[in-house]
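Here is data28.csv, consisting of CSV, N, CA and C atoms:
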```
chain,number,residue,atom,x,y,z
J,1,MET,N,10.5,-17.0,2.4
J,1,MET,CA,9.2,-17.4,1.9
J,1,MET,C,8.1,-16.4,2.3
J,2,LYS,N,8.2,-16.0,3.6
J,2,LYS,CA,7.2,-15.1,4.1
J,2,LYS,C,7.2,-13.8,3.3
J,3,ILE,N,8.3,-13.3,2.9
J,3,ILE,CA,8.4,-12.0,2.2
J,3,ILE,C,7.8,-12.2,0.8
J,4,ILE,N,8.0,-13.3,0.2
J,4,ILE,CA,7.4,-13.6,-1.1
J,4,ILE,C,5.9,-13.6,-1.1
J,5,LEU,N,5.4,-14.3,-0.1
J,5,LEU,CA,3.9,-14.4,0.1
J,5,LEU,C,3.3,-13.0,0.4
J,6,HIS,N,4.0,-12.2,1.2
J,6,HIS,CA,3.6,-10.9,1.5
J,6,HIS,C,3.6,-10.0,0.2
J,7,TRP,N,4.6,-10.2,-0.6
J,7,TRP,CA,4.7,-9.5,-1.9
J,7,TRP,C,3.6,-9.8,-2.8
J,8,LEU,N,3.3,-11.1,-2.9
J,8,LEU,CA,2.2,-11.6,-3.8
J,8,LEU,C,0.8,-11.1,-3.2
J,9,ALA,N,0.6,-11.1,-1.9
J,9,ALA,CA,-0.6,-10.6,-1.3
J,9,ALA,C,-0.8,-9.1,-1.6
J,10,ILE,N,0.2,-8.3,-1.5
J,10,ILE,CA,0.1,-6.9,-1.7
J,10,ILE,C,-0.1,-6.7,-3.2
J,11,SER,N,0.6,-7.4,-4.1
J,11,SER,CA,0.4,-7.2,-5.5
J,11,SER,C,-1.1,-7.5,-5.9
J,12,LEU,N,-1.6,-8.6,-5.4
J,12,LEU,CA,-3.0,-8.9,-5.7
J,12,LEU,C,-4.0,-7.8,-5.1
J,13,ALA,N,-3.7,-7.3,-3.9
J,13,ALA,CA,-4.5,-6.3,-3.3
J,13,ALA,C,-4.4,-5.0,-4.1
J,14,VAL,N,-3.3,-4.7,-4.7
J,14,VAL,CA,-3.1,-3.5,-5.5
J,14,VAL,C,-3.9,-3.7,-6.8
J,15,PHE,N,-3.8,-4.9,-7.4
J,15,PHE,CA,-4.6,-5.1,-8.6
J,15,PHE,C,-6.1,-5.0,-8.4
J,16,LEU,N,-6.6,-5.6,-7.3
J,16,LEU,CA,-8.0,-5.5,-7.0
J,16,LEU,C,-8.5,-4.1,-6.7
J,17,THR,N,-7.6,-3.4,-6.0
J,17,THR,CA,-7.9,-2.0,-5.7
J,17,THR,C,-8.1,-1.1,-7.0
J,18,ALA,N,-7.1,-1.3,-7.9
J,18,ALA,CA,-7.2,-0.6,-9.2
J,18,ALA,C,-8.4,-1.0,-10.0
J,19,TYR,N,-8.8,-2.2,-9.8
J,19,TYR,CA,-10.0,-2.7,-10.5
J,19,TYR,C,-11.3,-2.0,-10.0
J,20,PHE,N,-11.4,-1.8,-8.7
J,20,PHE,CA,-12.6,-1.3,-8.1
J,20,PHE,C,-12.6,0.2,-8.0
J,21,LEU,N,-11.5,0.9,-7.9
J,21,LEU,CA,-11.5,2.4,-7.7
J,21,LEU,C,-11.2,3.0,-9.1
J,22,PRO,N,-12.1,3.9,-9.6
J,22,PRO,CA,-11.9,4.5,-10.9
J,22,PRO,C,-10.8,5.4,-11.0
J,23,ASP,N,-10.3,6.1,-9.9
J,23,ASP,CA,-9.3,7.0,-10.0
J,23,ASP,C,-7.9,6.4,-9.8
J,24,ILE,N,-7.8,5.1,-9.7
J,24,ILE,CA,-6.5,4.4,-9.7
J,24,ILE,C,-6.5,3.5,-10.9
J,25,ASN,N,-5.4,3.7,-11.7
J,25,ASN,CA,-5.3,2.9,-12.9
J,25,ASN,C,-4.0,2.2,-13.0
J,26,LEU,N,-4.1,0.9,-13.5
J,26,LEU,CA,-2.9,0.1,-13.7
J,26,LEU,C,-2.8,-0.2,-15.2
J,27,ALA,N,-1.7,0.0,-15.8
J,27,ALA,CA,-1.6,-0.3,-17.2
J,27,ALA,C,-1.5,-1.8,-17.5
J,28,TYR,N,-0.8,-2.5,-16.7
J,28,TYR,CA,-0.6,-4.0,-16.9
J,28,TYR,C,-0.6,-4.6,-15.5
J,29,PHE,N,-0.8,-6.0,-15.6
J,29,PHE,CA,-0.7,-6.7,-14.3
J,29,PHE,C,0.6,-6.7,-13.7
J,30,TYR,N,1.7,-6.8,-14.5
J,30,TYR,CA,3.0,-6.8,-14.0
J,30,TYR,C,3.4,-5.5,-13.3
J,31,THR,N,2.6,-4.4,-13.6
J,31,THR,CA,2.8,-3.1,-12.8
J,31,THR,C,2.4,-3.3,-11.4
J,32,ALA,N,1.3,-4.1,-11.2
J,32,ALA,CA,0.9,-4.4,-9.8
J,32,ALA,C,2.0,-5.2,-9.1
J,33,ILE,N,2.6,-6.1,-9.8
J,33,ILE,CA,3.7,-6.9,-9.2
J,33,ILE,C,4.9,-6.0,-8.8
J,34,ILE,N,5.2,-5.0,-9.6
J,34,ILE,CA,6.3,-4.1,-9.3
J,34,ILE,C,5.9,-3.2,-8.1
J,35,ILE,N,4.7,-2.7,-8.1
J,35,ILE,CA,4.2,-1.9,-7.0
J,35,ILE,C,4.2,-2.8,-5.7
J,36,GLY,N,3.8,-4.0,-5.8
J,36,GLY,CA,3.8,-4.9,-4.6
J,36,GLY,C,5.2,-5.1,-4.1
J,37,ALA,N,6.2,-5.2,-5.0
J,37,ALA,CA,7.6,-5.4,-4.6
J,37,ALA,C,8.1,-4.1,-3.9
J,38,VAL,N,7.7,-3.0,-4.4
J,38,VAL,CA,8.2,-1.7,-3.8
J,38,VAL,C,7.5,-1.5,-2.5
J,39,LEU,N,6.2,-1.8,-2.4
J,39,LEU,CA,5.5,-1.6,-1.1
J,39,LEU,C,6.0,-2.6,-0.1
J,40,THR,N,6.3,-3.8,-0.5
J,40,THR,CA,6.9,-4.8,0.5
J,40,THR,C,8.3,-4.3,1.0
J,41,LEU,N,9.1,-3.7,0.1
J,41,LEU,CA,10.4,-3.2,0.4
J,41,LEU,C,10.2,-2.0,1.4
J,42,ILE,N,9.3,-1.1,1.1
J,42,ILE,CA,9.0,0.0,2.0
J,42,ILE,C,8.5,-0.5,3.3
J,43,ASN,N,7.6,-1.4,3.4
J,43,ASN,CA,7.0,-1.9,4.6
J,43,ASN,C,8.1,-2.6,5.5
J,44,TYR,N,9.1,-3.2,4.9
J,44,TYR,CA,10.1,-3.8,5.7
J,44,TYR,C,11.3,-2.9,6.1
J,45,THR,N,11.5,-1.8,5.3
J,45,THR,CA,12.7,-1.0,5.6
J,45,THR,C,12.4,0.4,6.0
J,46,VAL,N,11.6,1.1,5.2
J,46,VAL,CA,11.4,2.6,5.5
J,46,VAL,C,10.3,2.8,6.5
J,47,LYS,N,9.3,2.0,6.4
J,47,LYS,CA,8.1,2.3,7.2
J,47,LYS,C,8.3,2.2,8.7
J,48,PRO,N,9.2,1.3,9.3
J,48,PRO,CA,9.4,1.4,10.7
J,48,PRO,C,10.1,2.7,11.1
J,49,ILE,N,11.0,3.2,10.3
J,49,ILE,CA,11.6,4.5,10.6
J,49,ILE,C,10.6,5.6,10.6
J,50,ILE,N,9.7,5.6,9.6
J,50,ILE,CA,8.7,6.6,9.5
J,50,ILE,C,7.8,6.6,10.7
J,51,LYS,N,7.4,5.4,11.2
J,51,LYS,CA,6.6,5.2,12.3
J,51,LYS,C,7.2,5.8,13.6
J,52,ILE,N,8.5,5.6,13.7
J,52,ILE,CA,9.2,6.1,14.9
J,52,ILE,C,9.3,7.6,14.8
J,53,ILE,N,9.5,8.2,13.7
J,53,ILE,CA,9.6,9.7,13.5
J,53,ILE,C,8.2,10.3,13.8
J,54,THR,N,7.2,9.7,13.3
J,54,THR,CA,5.8,10.2,13.5
J,54,THR,C,5.1,9.7,14.7
J,55,LEU,N,5.8,9.1,15.7
J,55,LEU,CA,5.2,8.6,16.8
J,55,LEU,C,4.4,9.6,17.7
J,56,PRO,N,4.9,10.8,17.9
J,56,PRO,CA,4.0,11.7,18.7
J,56,PRO,C,2.7,12.1,18.0
J,57,ILE,N,2.7,12.2,16.7
J,57,ILE,CA,1.4,12.5,16.0
J,57,ILE,C,0.5,11.3,16.0
J,58,ASN,N,1.1,10.1,15.9
J,58,ASN,CA,0.3,8.9,15.9
J,58,ASN,C,-0.3,8.7,17.3
J,59,ILE,N,0.4,9.1,18.4
J,59,ILE,CA,-0.2,9.0,19.7
J,59,ILE,C,-1.3,10.0,19.8
J,60,LEU,N,-1.2,11.2,19.3
J,60,LEU,CA,-2.2,12.2,19.4
J,60,LEU,C,-3.5,11.8,18.7
J,61,THR,N,-3.3,11.1,17.5
J,61,THR,CA,-4.4,10.8,16.7
J,61,THR,C,-4.9,9.3,16.9
J,62,LEU,N,-4.3,8.7,17.9
J,62,LEU,CA,-4.7,7.3,18.2
J,62,LEU,C,-4.4,6.4,17.1
J,63,GLY,N,-3.3,6.6,16.3
J,63,GLY,CA,-2.9,5.7,15.3
J,63,GLY,C,-3.5,6.0,13.9
J,64,LEU,N,-4.4,7.0,13.8
J,64,LEU,CA,-5.0,7.3,12.5
J,64,LEU,C,-4.1,8.0,11.6
J,65,PHE,N,-3.0,8.6,12.1
J,65,PHE,CA,-2.1,9.2,11.2
J,65,PHE,C,-1.3,8.2,10.3
J,66,SER,N,-1.3,7.0,10.7
J,66,SER,CA,-0.7,5.9,9.9
J,66,SER,C,-1.4,5.7,8.6
J,67,LEU,N,-2.7,6.0,8.6
J,67,LEU,CA,-3.5,5.9,7.4
J,67,LEU,C,-3.1,7.0,6.4
J,68,VAL,N,-2.8,8.2,6.9
J,68,VAL,CA,-2.3,9.3,6.1
J,68,VAL,C,-0.9,8.9,5.5
J,69,ILE,N,-0.1,8.3,6.3
J,69,ILE,CA,1.3,7.9,5.8
J,69,ILE,C,1.1,6.9,4.7
J,70,ASN,N,0.2,5.9,4.9
J,70,ASN,CA,0.0,4.9,3.8
J,70,ASN,C,-0.5,5.6,2.6
J,71,GLY,N,-1.4,6.6,2.7
J,71,GLY,CA,-1.9,7.3,1.5
J,71,GLY,C,-0.8,8.1,0.8
J,72,LEU,N,0.0,8.7,1.6
J,72,LEU,CA,1.1,9.5,1.0
J,72,LEU,C,2.1,8.6,0.2
J,73,ILE,N,2.4,7.4,0.8
J,73,ILE,CA,3.3,6.4,0.1
J,73,ILE,C,2.6,6.0,-1.2
J,74,PHE,N,1.3,5.7,-1.1
J,74,PHE,CA,0.6,5.2,-2.3
J,74,PHE,C,0.5,6.3,-3.4
J,75,TYR,N,0.3,7.5,-2.9
J,75,TYR,CA,0.3,8.7,-3.9
J,75,TYR,C,1.7,8.9,-4.5
J,76,PHE,N,2.7,8.8,-3.7
J,76,PHE,CA,4.1,8.9,-4.2
J,76,PHE,C,4.4,7.8,-5.2
J,77,LEU,N,4.0,6.6,-5.0
J,77,LEU,CA,4.2,5.5,-6.0
J,77,LEU,C,3.5,5.8,-7.3
J,78,GLY,N,2.3,6.4,-7.2
J,78,GLY,CA,1.6,6.8,-8.4
J,78,GLY,C,2.3,7.8,-9.3
J,79,HIS,N,3.2,8.5,-8.7
J,79,HIS,CA,4.0,9.5,-9.5
J,79,HIS,C,5.3,8.9,-10.0
J,80,ILE,N,5.9,8.0,-9.3
J,80,ILE,CA,7.2,7.5,-9.7
J,80,ILE,C,7.2,6.3,-10.6
J,81,ILE,N,6.1,5.5,-10.5
J,81,ILE,CA,6.1,4.2,-11.3
J,81,ILE,C,5.2,4.4,-12.5
J,82,SER,N,5.8,4.3,-13.7
J,82,SER,CA,5.0,4.4,-14.9
J,82,SER,C,4.1,3.2,-15.1
J,83,GLY,N,2.9,3.5,-15.5
J,83,GLY,CA,1.9,2.5,-15.7
J,83,GLY,C,0.9,2.4,-14.5
J,84,PHE,N,1.2,3.3,-13.5
J,84,PHE,CA,0.4,3.3,-12.3
J,84,PHE,C,0.0,4.8,-12.1
J,85,TYR,N,-1.3,5.0,-12.1
J,85,TYR,CA,-1.8,6.4,-12.0
J,85,TYR,C,-2.8,6.5,-10.8
J,86,VAL,N,-2.5,7.5,-10.0
J,86,VAL,CA,-3.4,7.8,-8.9
J,86,VAL,C,-3.8,9.3,-9.1
J,87,ALA,N,-5.1,9.6,-9.1
J,87,ALA,CA,-5.6,10.9,-9.5
J,87,ALA,C,-5.3,12.0,-8.5
J,88,ASP,N,-5.6,11.7,-7.2
J,88,ASP,CA,-5.4,12.7,-6.2
J,88,ASP,C,-5.1,12.0,-4.8
J,89,PHE,N,-4.9,12.8,-3.8
J,89,PHE,CA,-4.6,12.3,-2.5
J,89,PHE,C,-5.7,11.4,-1.9
J,90,MET,N,-6.9,11.9,-2.1
J,90,MET,CA,-8.1,11.2,-1.5
J,90,MET,C,-8.2,9.8,-2.1
J,91,SER,N,-8.0,9.7,-3.4
J,91,SER,CA,-8.0,8.4,-4.1
J,91,SER,C,-6.9,7.5,-3.6
J,92,ALA,N,-5.7,8.1,-3.3
J,92,ALA,CA,-4.6,7.4,-2.8
J,92,ALA,C,-4.9,6.9,-1.4
J,93,PHE,N,-5.5,7.8,-0.6
J,93,PHE,CA,-5.9,7.4,0.8
J,93,PHE,C,-6.9,6.2,0.8
J,94,TYR,N,-7.9,6.3,0.0
J,94,TYR,CA,-8.9,5.2,-0.1
J,94,TYR,C,-8.2,3.9,-0.7
J,95,GLY,N,-7.4,4.1,-1.6
J,95,GLY,CA,-6.7,3.0,-2.2
J,95,GLY,C,-5.7,2.3,-1.2
J,96,ALA,N,-5.0,3.1,-0.5
J,96,ALA,CA,-4.1,2.5,0.6
J,96,ALA,C,-4.9,1.8,1.7
J,97,LEU,N,-6.1,2.4,2.0
J,97,LEU,CA,-6.9,1.8,3.0
J,97,LEU,C,-7.5,0.4,2.5
J,98,ILE,N,-7.9,0.4,1.3
J,98,ILE,CA,-8.4,-0.9,0.7
J,98,ILE,C,-7.2,-1.9,0.5
J,99,VAL,N,-6.1,-1.4,0.1
J,99,VAL,CA,-4.9,-2.3,0.0
J,99,VAL,C,-4.6,-2.9,1.4
J,100,SER,N,-4.6,-2.1,2.4
J,100,SER,CA,-4.3,-2.5,3.7
J,100,SER,C,-5.3,-3.6,4.2
J,101,VAL,N,-6.6,-3.4,4.0
J,101,VAL,CA,-7.6,-4.3,4.4
J,101,VAL,C,-7.5,-5.6,3.6
J,102,LEU,N,-7.3,-5.5,2.3
J,102,LEU,CA,-7.2,-6.7,1.5
J,102,LEU,C,-5.9,-7.5,1.8
J,103,ASN,N,-4.8,-6.7,2.1
J,103,ASN,CA,-3.6,-7.4,2.5
J,103,ASN,C,-3.7,-8.1,3.8
J,104,TRP,N,-4.5,-7.5,4.7
J,104,TRP,CA,-4.7,-8.2,6.0
J,104,TRP,C,-5.5,-9.5,5.8
J,105,ILE,N,-6.6,-9.4,5.0
J,105,ILE,CA,-7.4,-10.6,4.7
J,105,ILE,C,-6.6,-11.6,4.0
J,106,LEU,N,-5.8,-11.3,2.9
J,106,LEU,CA,-5.1,-12.2,2.2
J,106,LEU,C,-3.9,-12.8,3.1
J,107,SER,N,-3.4,-12.0,3.9
J,107,SER,CA,-2.3,-12.5,4.8
J,107,SER,C,-2.9,-13.6,5.8
J,108,LYS,N,-4.1,-13.4,6.3
J,108,LYS,CA,-4.8,-14.4,7.1
J,108,LYS,C,-5.1,-15.6,6.4
J,109,PHE,N,-5.6,-15.4,5.1
J,109,PHE,CA,-5.9,-16.5,4.3
J,109,PHE,C,-4.7,-17.4,3.9
J,110,LEU,N,-3.6,-16.7,3.6
J,110,LEU,CA,-2.3,-17.4,3.2
J,110,LEU,C,-1.5,-17.8,4.4
J,111,ILE,N,-2.0,-17.4,5.6
J,111,ILE,CA,-1.3,-17.7,6.9
J,111,ILE,C,0.1,-17.1,6.9
J,112,ILE,N,0.2,-15.8,6.6
J,112,ILE,CA,1.4,-15.0,6.7
J,112,ILE,C,1.3,-14.3,8.0
J,113,ASP,N,2.2,-14.5,8.9
J,113,ASP,CA,2.2,-13.8,10.2
J,113,ASP,C,3.1,-12.6,10.2
```
Take the structure in the file and give it back as structure tokens.
Amino acid sequence: MKIILHWLAISLAVFLTAYFLPDINLAYFYTAIIIGAVLTLINYTVKPIIKIITLPINILTLGLFSLVINGLIFYFLGHIISGFYVADFMSAFYGALIVSVLNWILSKFLIID
């Protein structure tokens, strides 16, 4: 149940981010649901491995390199998922930052730990 709520929170965060940022476009709402599913899958499987690999850089930057990793993942999804367009890396960086903040707020609201 926790994973499904996390998936829905990320999907809603992606939809709201695409609504507010002009350089990020969604063709349909179900595209946000697909992106939410992929981001949830990445957060639970691939992201812990990436965090371990980039641990020295994260220590040097006091954890700020994680924001760059989130932006790269967001930018990558903009290229592989049809119906989702991210103009450039800075748009992906800001989009990933907004999705992270909205996901945190929605997770606290939905009581997802």
Open item on the list: Rounded to one decimal, what separation in Å do you get between CA of Ala18 in chain J and CA of Lys108 in chain J?
Closed with: 21.5 Å
- [ ] Using DSSP on the backbone, list every residue of range 6-94 of chain J that comes out as strand (DSSP E), and give them as a PyMOL selection string.
- [x] chain J and resi 24-26+84-86
Contact residues around Ile4 in chain J with only C-alpha atoms at 9 Å, ignoring same-chain residues under 3 positions, as an mmCIF file with N, CA and C atoms, keeping the file's coordinate frame:
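What follows is the written file around00.cif:
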```cif
data_model
loop_
_atom_site.group_PDB
_atom_site.id
_atom_site.type_symbol
_atom_site.label_atom_id
_atom_site.label_comp_id
_atom_site.auth_asym_id
_atom_site.auth_seq_id
_atom_site.Cartn_x
_atom_site.Cartn_y
_atom_site.Cartn_z
ATOM 1 N N MET J 1 10.500 -17.000 2.400
ATOM 2 C CA MET J 1 9.200 -17.400 1.900
ATOM 3 C C MET J 1 8.100 -16.400 2.300
ATOM 4 N N TRP J 7 4.600 -10.200 -0.600
ATOM 5 C CA TRP J 7 4.700 -9.500 -1.900
ATOM 6 C C TRP J 7 3.600 -9.800 -2.800
ATOM 7 N N LEU J 8 3.300 -11.100 -2.900
ATOM 8 C CA LEU J 8 2.200 -11.600 -3.800
ATOM 9 C C LEU J 8 0.800 -11.100 -3.200
ATOM 10 N N ALA J 9 0.600 -11.100 -1.900
ATOM 11 C CA ALA J 9 -0.600 -10.600 -1.300
ATOM 12 C C ALA J 9 -0.800 -9.100 -1.600
ATOM 13 N N ALA J 37 6.200 -5.200 -5.000
ATOM 14 C CA ALA J 37 7.600 -5.400 -4.600
ATOM 15 C C ALA J 37 8.100 -4.100 -3.900
ATOM 16 N N THR J 40 6.300 -3.800 -0.500
ATOM 17 C CA THR J 40 6.900 -4.800 0.500
ATOM 18 C C THR J 40 8.300 -4.300 1.000
#
```
Open item on the list: Which residue is closest to Asn70 in chain J? Choose from J:Ile52, J:Ala96, J:Ile3, J:Leu26 and count only N, CA and C atoms.
Closed with: J:Ala96
TODO: From the DSSP assignment of the backbone, select every residue of chain J that is alpha helix (DSSP H), and format the answer as a VMD selection string.
DONE: chain J and resid 2 to 20 29 to 44 46 to 53 55 to 60 65 to 80 89 to 109
- [ ] Write out as a ChimeraX atom specification the residues lying within 7 Å of Leu67 in chain J, counting all atoms listed in the file and excluding same-chain residues fewer than 4 positions away.
- [x] /J:63,71-72,93,97
Task: Near-Val14 in chain J list (12 Å; only C-alpha atoms; drop same-chain fewer than 4 positions) as a count of residues only - done: 42
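Picture a line from atom C of His79 in chain J to atom C of His6 in chain J; it runs 21.5 Å.
One distance worth recording is that between CA of Leu110 in chain J and atom C of Leu12 in chain J, which is 12.8 Å.
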- [ ] Select, from J:Met90, J:Ile111, J:Ile42, J:Ile81, the residue with the minimum atom-to-atom distance to Ala27 in chain J, counting only C-alpha atoms.
- [x] J:Ile81
Task: Residue nearest Ile49 in chain J among J:Leu5, J:Ala87, J:Leu64, J:Ile69 (counting only C-alpha atoms) - done: J:Ile69
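The smallest atom-to-atom distance between Ile53 in chain J and any of J:Ser66, J:Leu16, J:Leu41, J:Ser11, using only C-alpha atoms, is found for J:Ser66.
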